[in-house]
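Asks: Next up is a structure, given as structure tokens.
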Amino acid sequence: MTPDAVEIPSFSGYGGATLHLAIDPAEHQRRQAAGIGPVTGHGFGGLDHLMALPAGMPVPLDTLDKHQLAYVRKAPAGICTVHDGHVTRHATRPCRVVMATVRYNTTYKMALDSASRFAPFCARQVIVKRLPKDAFARINDLAEFDFYGIGIILEKSDGTQETVVEPHPWRPMRHTPAAWWFAERSYDAYLEHTATNPAGAAA
């Protein structure tokens, strides 16, 4: 986990976890100055349109399809600008989700399932208060969590923590609208947590 990651509660639909975010300071400051928050107003569709545009490079409007054209014409200037027959995308991913952490009493299957929800987006780990007493069950659980790349942290009664299974590093295969959407929703939760959301969700 990066040392500059910030911890926030996860958002609705992915509740019950703590998200560890690495905020992009340049994009965050740019959005604050432009008065826009998360770019989630059109879900995956809007981000799909944005991903078709290179960041910071003017693209002729006549190369866009009708759906892309409709989106960029109504998007706030902080997301993209239309000028002289061209559109320029300004918005980039505002943060990177480094880790999702869930807490359970022990290594229940629910703990595995809960952490697995975040598999498309980031590394995952579970903090537990105890491990199974039965040796076979313990070995089986540790092997299963390790197989799925989910770390296990044992939190002892004195508050100290011991890493029992290391979480696997998360390596994105490609940049997708779904992953960008998840980052935007996480950024929205960050803005709410820090009370710095200037204008709610943008287009």
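To be explicit about the labels: the chains of the structure tokens are called A, B, and onward in the order shown, and within each one the residues are counted from 1, while ligands get numbers from 1 in the order they are shown.
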Using only C-alpha atoms, find each residue of region 37-129 of chain A with at least one atom at most 7 Å away from an atom of region 10-17 of chain A; report its shortest atom-to-atom pair and that distance in Å (one decimal), sort the rows by chain and rising residue number, and return the result as a Markdown table.

Replies:
| residue | atom | partner | partner_atom | distance |
| --- | --- | --- | --- | --- |
| A:Ala100 | CA | A:Ala17 | CA | 6.3 |
| A:Thr101 | CA | A:Ala17 | CA | 5.4 |
| A:Val102 | CA | A:Ala17 | CA | 4.6 |

Asks: Dump all heavy atoms for the selected residues as a JSON list (two decimals), in the first residue's frame?

Replies:
[["chain", "number", "residue", "atom", "x", "y", "z"],
["A", 100, "ALA", "N", -8.90, -2.47, -0.81],
["A", 100, "ALA", "CA", -10.18, -2.52, -0.11],
["A", 100, "ALA", "C", -10.00, -3.46, 1.08],
["A", 100, "ALA", "O", -9.50, -4.59, 0.91],
["A", 100, "ALA", "CB", -11.28, -3.02, -1.02],
["A", 101, "THR", "N", -10.39, -3.00, 2.27],
["A", 101, "THR", "CA", -10.25, -3.79, 3.48],
["A", 101, "THR", "C", -11.61, -4.03, 4.09],
["A", 101, "THR", "O", -12.39, -3.09, 4.28],
["A", 101, "THR", "CB", -9.37, -3.05, 4.52],
["A", 101, "THR", "OG1", -8.07, -2.84, 3.98],
["A", 101, "THR", "CG2", -9.25, -3.85, 5.81],
["A", 102, "VAL", "N", -11.91, -5.29, 4.37],
["A", 102, "VAL", "CA", -13.15, -5.63, 5.07],
["A", 102, "VAL", "C", -12.78, -6.27, 6.40],
["A", 102, "VAL", "O", -11.69, -6.82, 6.56],
["A", 102, "VAL", "CB", -14.06, -6.57, 4.24],
["A", 102, "VAL", "CG1", -14.49, -5.90, 2.96],
["A", 102, "VAL", "CG2", -13.36, -7.89, 3.94]]

Asks: Give the helix (DSSP H, G or I) residues of region 77-202 of chain A, as DSSP finds them on the backbone, and put them as a VMD selection string.

Replies: chain A and resid 109 to 116 135 to 147 177 to 194

Asks: Using C-alpha atoms, can you write the selected residues to a file as an mmCIF file, in the first residue's frame?

Replies:
data_model
loop_
_atom_site.group_PDB
_atom_site.id
_atom_site.type_symbol
_atom_site.label_atom_id
_atom_site.label_comp_id
_atom_site.auth_asym_id
_atom_site.auth_seq_id
_atom_site.Cartn_x
_atom_site.Cartn_y
_atom_site.Cartn_z
ATOM 1 C CA LYS A 109 -16.924 -17.519 3.461
ATOM 2 C CA MET A 110 -18.809 -14.220 3.778
ATOM 3 C CA ALA A 111 -15.471 -12.525 4.387
ATOM 4 C CA LEU A 112 -14.062 -14.071 1.220
ATOM 5 C CA ASP A 113 -17.153 -13.118 -0.784
ATOM 6 C CA SER A 114 -17.199 -9.577 0.582
ATOM 7 C CA ALA A 115 -13.574 -8.942 -0.339
ATOM 8 C CA SER A 116 -14.015 -10.618 -3.734
ATOM 9 C CA ALA A 135 -5.835 -26.944 12.012
ATOM 10 C CA PHE A 136 -7.297 -28.417 8.809
ATOM 11 C CA ALA A 137 -9.917 -25.663 8.537
ATOM 12 C CA ARG A 138 -7.251 -23.025 9.135
ATOM 13 C CA ILE A 139 -4.942 -24.383 6.452
ATOM 14 C CA ASN A 140 -7.845 -24.700 4.029
ATOM 15 C CA ASP A 141 -9.030 -21.127 4.660
ATOM 16 C CA LEU A 142 -5.545 -19.623 4.324
ATOM 17 C CA ALA A 143 -4.992 -21.509 1.078
ATOM 18 C CA GLU A 144 -8.340 -20.381 -0.344
ATOM 19 C CA PHE A 145 -7.770 -16.716 0.497
ATOM 20 C CA ASP A 146 -4.269 -16.908 -0.973
ATOM 21 C CA PHE A 147 -5.619 -18.569 -4.118
ATOM 22 C CA PRO A 177 -15.241 2.571 -18.037
ATOM 23 C CA ALA A 178 -16.257 0.364 -15.087
ATOM 24 C CA ALA A 179 -12.895 0.838 -13.373
ATOM 25 C CA TRP A 180 -12.998 4.592 -14.014
ATOM 26 C CA TRP A 181 -16.554 4.706 -12.648
ATOM 27 C CA PHE A 182 -15.437 2.893 -9.503
ATOM 28 C CA ALA A 183 -12.614 5.422 -9.059
ATOM 29 C CA GLU A 184 -15.085 8.303 -9.505
ATOM 30 C CA ARG A 185 -17.486 6.825 -6.928
ATOM 31 C CA SER A 186 -14.565 6.352 -4.554
ATOM 32 C CA TYR A 187 -13.490 9.945 -5.173
ATOM 33 C CA ASP A 188 -17.040 11.074 -4.403
ATOM 34 C CA ALA A 189 -16.837 9.211 -1.071
ATOM 35 C CA TYR A 190 -13.488 10.899 -0.425
ATOM 36 C CA LEU A 191 -14.982 14.339 -1.072
ATOM 37 C CA GLU A 192 -17.894 13.612 1.260
ATOM 38 C CA HIS A 193 -15.554 12.240 3.917
ATOM 39 C CA THR A 194 -13.347 15.329 3.735
#

Asks: Using Å and a single decimal, report how far CA of Pro25 (chain A) sits from CA of Arg89 (chain A).

Replies: 18.0 Å

Asks: Set the distance at 12 Å and use only C-alpha atoms: which residues neighbour region 77-83 of chain A once local chain neighbours fewer than 2 positions away are removed? I'd like the list as a PyMOL selection string.

Replies: chain A and resi 27-41+46-47+49-51+53-62+68-75+85-94+199+201-203

Asks: Can you spit out the residues from that selection as a short mmCIF file (atom, residue, chain, number, x, y, z; two decimals), in the first residue's frame, using N, CA and C atoms?

Replies:
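Saved as again_18.cif:
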data_model
loop_
_atom_site.label_atom_id
_atom_site.label_comp_id
_atom_site.auth_asym_id
_atom_site.auth_seq_id
_atom_site.Cartn_x
_atom_site.Cartn_y
_atom_site.Cartn_z
N GLU A 27 -5.19 16.50 -10.52
CA GLU A 27 -6.57 16.41 -10.99
C GLU A 27 -7.54 16.89 -9.91
N HIS A 28 -7.24 16.57 -8.66
CA HIS A 28 -8.09 17.03 -7.56
C HIS A 28 -8.12 18.55 -7.49
N GLN A 29 -6.96 19.17 -7.56
CA GLN A 29 -6.88 20.64 -7.51
C GLN A 29 -7.56 21.26 -8.72
N ARG A 30 -7.39 20.63 -9.88
CA ARG A 30 -8.02 21.17 -11.09
C ARG A 30 -9.54 21.13 -10.96
N ARG A 31 -10.07 20.04 -10.44
CA ARG A 31 -11.53 19.93 -10.27
C ARG A 31 -12.04 20.90 -9.21
N GLN A 32 -11.31 21.06 -8.14
CA GLN A 32 -11.72 22.02 -7.12
C GLN A 32 -11.78 23.43 -7.70
N ALA A 33 -10.78 23.78 -8.50
CA ALA A 33 -10.76 25.11 -9.12
C ALA A 33 -11.88 25.27 -10.13
N ALA A 34 -12.23 24.19 -10.83
CA ALA A 34 -13.28 24.25 -11.84
C ALA A 34 -14.67 24.12 -11.23
N GLY A 35 -14.73 23.76 -9.95
CA GLY A 35 -16.02 23.64 -9.27
C GLY A 35 -16.80 22.39 -9.64
N ILE A 36 -16.10 21.32 -9.97
CA ILE A 36 -16.79 20.07 -10.29
C ILE A 36 -16.33 18.97 -9.34
N GLY A 37 -17.21 17.99 -9.14
CA GLY A 37 -16.90 16.85 -8.29
C GLY A 37 -16.66 15.61 -9.13
N PRO A 38 -17.25 14.49 -8.73
CA PRO A 38 -17.06 13.24 -9.49
C PRO A 38 -17.78 13.27 -10.84
N VAL A 39 -17.19 12.62 -11.81
CA VAL A 39 -17.77 12.56 -13.16
C VAL A 39 -18.55 11.26 -13.26
N THR A 40 -19.75 11.26 -12.68
CA THR A 40 -20.55 10.02 -12.65
C THR A 40 -21.97 10.24 -13.18
N GLY A 41 -22.25 11.41 -13.69
CA GLY A 41 -23.62 11.75 -14.06
C GLY A 41 -24.26 10.84 -15.08
N GLY A 46 -21.18 7.77 -20.04
CA GLY A 46 -20.45 9.02 -20.14
C GLY A 46 -18.95 8.82 -20.11
N LEU A 47 -18.48 7.94 -19.25
CA LEU A 47 -17.05 7.68 -19.16
C LEU A 47 -16.55 6.95 -20.41
N HIS A 49 -17.67 7.54 -23.37
CA HIS A 49 -17.48 8.63 -24.35
C HIS A 49 -16.17 9.37 -24.08
N LEU A 50 -15.89 9.63 -22.81
CA LEU A 50 -14.66 10.36 -22.47
C LEU A 50 -13.42 9.55 -22.81
N MET A 51 -13.50 8.25 -22.57
CA MET A 51 -12.33 7.41 -22.84
C MET A 51 -11.99 7.35 -24.32
N LEU A 53 -11.73 9.87 -26.08
CA LEU A 53 -11.00 11.11 -26.37
C LEU A 53 -9.66 11.10 -25.64
N PRO A 54 -8.57 11.44 -26.29
CA PRO A 54 -7.29 11.54 -25.60
C PRO A 54 -7.29 12.76 -24.68
N ALA A 55 -6.72 12.64 -23.51
CA ALA A 55 -6.71 13.75 -22.55
C ALA A 55 -5.82 14.88 -23.06
N GLY A 56 -6.39 16.11 -23.05
CA GLY A 56 -5.61 17.30 -23.37
C GLY A 56 -5.35 17.54 -24.85
N MET A 57 -5.94 16.74 -25.74
CA MET A 57 -5.70 16.90 -27.18
C MET A 57 -7.00 17.21 -27.90
N PRO A 58 -7.05 18.29 -28.68
CA PRO A 58 -8.26 18.63 -29.43
C PRO A 58 -8.60 17.55 -30.46
N VAL A 59 -9.88 17.20 -30.52
CA VAL A 59 -10.36 16.19 -31.46
C VAL A 59 -11.47 16.82 -32.30
N PRO A 60 -11.43 16.70 -33.62
CA PRO A 60 -12.49 17.29 -34.45
C PRO A 60 -13.87 16.72 -34.09
N LEU A 61 -14.84 17.59 -33.97
CA LEU A 61 -16.19 17.14 -33.63
C LEU A 61 -16.78 16.22 -34.69
N ASP A 62 -16.39 16.40 -35.93
CA ASP A 62 -16.98 15.59 -36.99
C ASP A 62 -16.48 14.15 -36.99
N GLN A 68 -21.60 10.50 -28.65
CA GLN A 68 -20.44 11.21 -28.13
C GLN A 68 -20.62 12.72 -28.28
N LEU A 69 -21.13 13.11 -29.43
CA LEU A 69 -21.33 14.52 -29.70
C LEU A 69 -22.34 15.13 -28.73
N ALA A 70 -23.44 14.42 -28.48
CA ALA A 70 -24.46 14.90 -27.55
C ALA A 70 -23.87 15.05 -26.14
N TYR A 71 -23.03 14.10 -25.75
CA TYR A 71 -22.44 14.16 -24.41
C TYR A 71 -21.50 15.36 -24.26
N VAL A 72 -20.56 15.51 -25.19
CA VAL A 72 -19.55 16.56 -25.02
C VAL A 72 -20.16 17.95 -25.13
N ARG A 73 -21.27 18.08 -25.89
CA ARG A 73 -21.89 19.40 -26.03
C ARG A 73 -22.56 19.88 -24.74
N LYS A 74 -22.97 18.94 -23.87
CA LYS A 74 -23.63 19.35 -22.63
C LYS A 74 -22.76 19.15 -21.39
N ALA A 75 -21.58 18.57 -21.54
CA ALA A 75 -20.70 18.35 -20.39
C ALA A 75 -20.14 19.68 -19.89
N GLY A 85 -14.86 23.92 -33.47
CA GLY A 85 -15.03 22.66 -34.16
C GLY A 85 -14.27 21.48 -33.57
N HIS A 86 -13.74 21.66 -32.37
CA HIS A 86 -12.98 20.59 -31.72
C HIS A 86 -13.45 20.43 -30.28
N VAL A 87 -13.19 19.25 -29.70
CA VAL A 87 -13.46 19.01 -28.29
C VAL A 87 -12.16 18.57 -27.63
N THR A 88 -11.93 19.06 -26.42
CA THR A 88 -10.74 18.69 -25.66
C THR A 88 -11.18 18.13 -24.32
N ARG A 89 -10.75 16.93 -24.04
CA ARG A 89 -11.08 16.33 -22.73
C ARG A 89 -10.07 16.80 -21.69
N HIS A 90 -10.60 17.23 -20.53
CA HIS A 90 -9.75 17.64 -19.41
C HIS A 90 -9.78 16.62 -18.26
N ALA A 91 -10.90 15.98 -18.07
CA ALA A 91 -11.05 15.07 -16.93
C ALA A 91 -10.20 13.82 -17.10
N THR A 92 -9.51 13.46 -16.03
CA THR A 92 -8.78 12.20 -15.96
C THR A 92 -9.19 11.51 -14.66
N ARG A 93 -8.75 10.29 -14.48
CA ARG A 93 -9.12 9.55 -13.27
C ARG A 93 -8.58 10.28 -12.04
N PRO A 94 -9.44 10.62 -11.07
CA PRO A 94 -9.02 11.47 -9.95
C PRO A 94 -8.26 10.75 -8.84
N ALA A 199 -19.49 20.74 -5.87
CA ALA A 199 -20.72 20.88 -6.65
C ALA A 199 -21.47 19.57 -6.87
N ALA A 201 -22.07 15.68 -8.07
CA ALA A 201 -21.65 14.94 -9.26
C ALA A 201 -21.70 15.83 -10.49
N ALA A 202 -20.70 15.71 -11.33
CA ALA A 202 -20.69 16.44 -12.59
C ALA A 202 -21.38 15.60 -13.65
N ALA A 203 -21.34 16.06 -14.86
CA ALA A 203 -22.03 15.33 -15.94
C ALA A 203 -21.27 14.08 -16.35
#

Asks: Enter the distance from CA of Ala119 (chain A) to CA of Pro132 (chain A), in Å, rounded to one decimal.

Replies: 24.3 Å

Asks: Need the shell around Gln161 (chain A): protein/DNA/RNA residues with any atom at most 10 Å away, counting only C-alpha atoms. Skip same-chain ones fewer than 4 positions apart. Format as an mmCIF file with all heavy atoms, in the first residue's frame?

Replies:
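Output (around_27.cif):
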data_model
loop_
_atom_site.group_PDB
_atom_site.id
_atom_site.type_symbol
_atom_site.label_atom_id
_atom_site.label_comp_id
_atom_site.auth_asym_id
_atom_site.auth_seq_id
_atom_site.Cartn_x
_atom_site.Cartn_y
_atom_site.Cartn_z
ATOM 1 N N ILE A 127 -9.399 -8.159 7.611
ATOM 2 C CA ILE A 127 -8.885 -8.122 8.976
ATOM 3 C C ILE A 127 -9.810 -8.964 9.845
ATOM 4 O O ILE A 127 -11.023 -8.726 9.877
ATOM 5 C CB ILE A 127 -8.805 -6.680 9.504
ATOM 6 C CG1 ILE A 127 -7.825 -5.863 8.657
ATOM 7 C CG2 ILE A 127 -8.380 -6.662 10.975
ATOM 8 C CD1 ILE A 127 -7.726 -4.391 9.071
ATOM 9 N N VAL A 128 -9.246 -9.943 10.528
ATOM 10 C CA VAL A 128 -10.039 -10.849 11.369
ATOM 11 C C VAL A 128 -9.515 -10.803 12.807
ATOM 12 O O VAL A 128 -8.363 -10.454 13.051
ATOM 13 C CB VAL A 128 -10.006 -12.305 10.848
ATOM 14 C CG1 VAL A 128 -10.596 -12.385 9.454
ATOM 15 C CG2 VAL A 128 -8.582 -12.862 10.865
ATOM 16 N N LYS A 129 -10.395 -11.178 13.744
ATOM 17 C CA LYS A 129 -10.019 -11.212 15.158
ATOM 18 C C LYS A 129 -9.485 -12.569 15.587
ATOM 19 O O LYS A 129 -8.804 -12.680 16.612
ATOM 20 C CB LYS A 129 -11.232 -10.832 16.021
ATOM 21 C CG LYS A 129 -11.703 -9.403 15.808
ATOM 22 C CD LYS A 129 -12.896 -9.083 16.702
ATOM 23 C CE LYS A 129 -13.366 -7.649 16.504
ATOM 24 N NZ LYS A 129 -14.543 -7.336 17.355
ATOM 25 N N ILE A 153 -5.262 -10.366 7.650
ATOM 26 C CA ILE A 153 -4.568 -9.690 8.742
ATOM 27 C C ILE A 153 -5.234 -10.111 10.045
ATOM 28 O O ILE A 153 -6.446 -9.938 10.205
ATOM 29 C CB ILE A 153 -4.641 -8.151 8.603
ATOM 30 C CG1 ILE A 153 -4.231 -7.710 7.196
ATOM 31 C CG2 ILE A 153 -3.800 -7.471 9.674
ATOM 32 C CD1 ILE A 153 -2.810 -8.011 6.833
ATOM 33 N N LEU A 154 -4.455 -10.651 10.962
ATOM 34 C CA LEU A 154 -4.977 -11.050 12.270
ATOM 35 C C LEU A 154 -4.780 -9.901 13.254
ATOM 36 O O LEU A 154 -3.659 -9.460 13.496
ATOM 37 C CB LEU A 154 -4.258 -12.299 12.778
ATOM 38 C CG LEU A 154 -4.653 -12.790 14.177
ATOM 39 C CD1 LEU A 154 -6.129 -13.186 14.208
ATOM 40 C CD2 LEU A 154 -3.762 -13.951 14.598
ATOM 41 N N GLU A 155 -5.907 -9.387 13.768
ATOM 42 C CA GLU A 155 -5.847 -8.300 14.755
ATOM 43 C C GLU A 155 -5.924 -8.923 16.150
ATOM 44 O O GLU A 155 -6.943 -9.510 16.525
ATOM 45 C CB GLU A 155 -6.989 -7.320 14.543
ATOM 46 C CG GLU A 155 -6.894 -6.083 15.409
ATOM 47 C CD GLU A 155 -7.904 -5.029 14.998
ATOM 48 O OE1 GLU A 155 -9.109 -5.252 15.210
ATOM 49 O OE2 GLU A 155 -7.483 -4.000 14.434
ATOM 50 N N LYS A 156 -4.874 -8.763 16.919
ATOM 51 C CA LYS A 156 -4.798 -9.386 18.230
ATOM 52 C C LYS A 156 -5.516 -8.544 19.279
ATOM 53 O O LYS A 156 -5.909 -7.398 19.034
ATOM 54 C CB LYS A 156 -3.329 -9.600 18.607
ATOM 55 C CG LYS A 156 -2.583 -10.461 17.589
ATOM 56 C CD LYS A 156 -1.130 -10.620 17.941
ATOM 57 C CE LYS A 156 -0.402 -11.460 16.899
ATOM 58 N NZ LYS A 156 1.038 -11.603 17.207
ATOM 59 N N SER A 157 -5.699 -9.138 20.456
ATOM 60 C CA SER A 157 -6.468 -8.477 21.519
ATOM 61 C C SER A 157 -5.830 -7.174 21.985
ATOM 62 O O SER A 157 -6.518 -6.280 22.469
ATOM 63 C CB SER A 157 -6.646 -9.426 22.709
ATOM 64 O OG SER A 157 -5.384 -9.859 23.199
#

Asks: To one decimal place in Å, what is the distance between CA of Leu64 (chain A) and CA of Asp48 (chain A)?

Replies: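 Atom-to-atom, CA of Leu64 (chain A) to CA of Asp48 (chain A), that is 12.5 Å.
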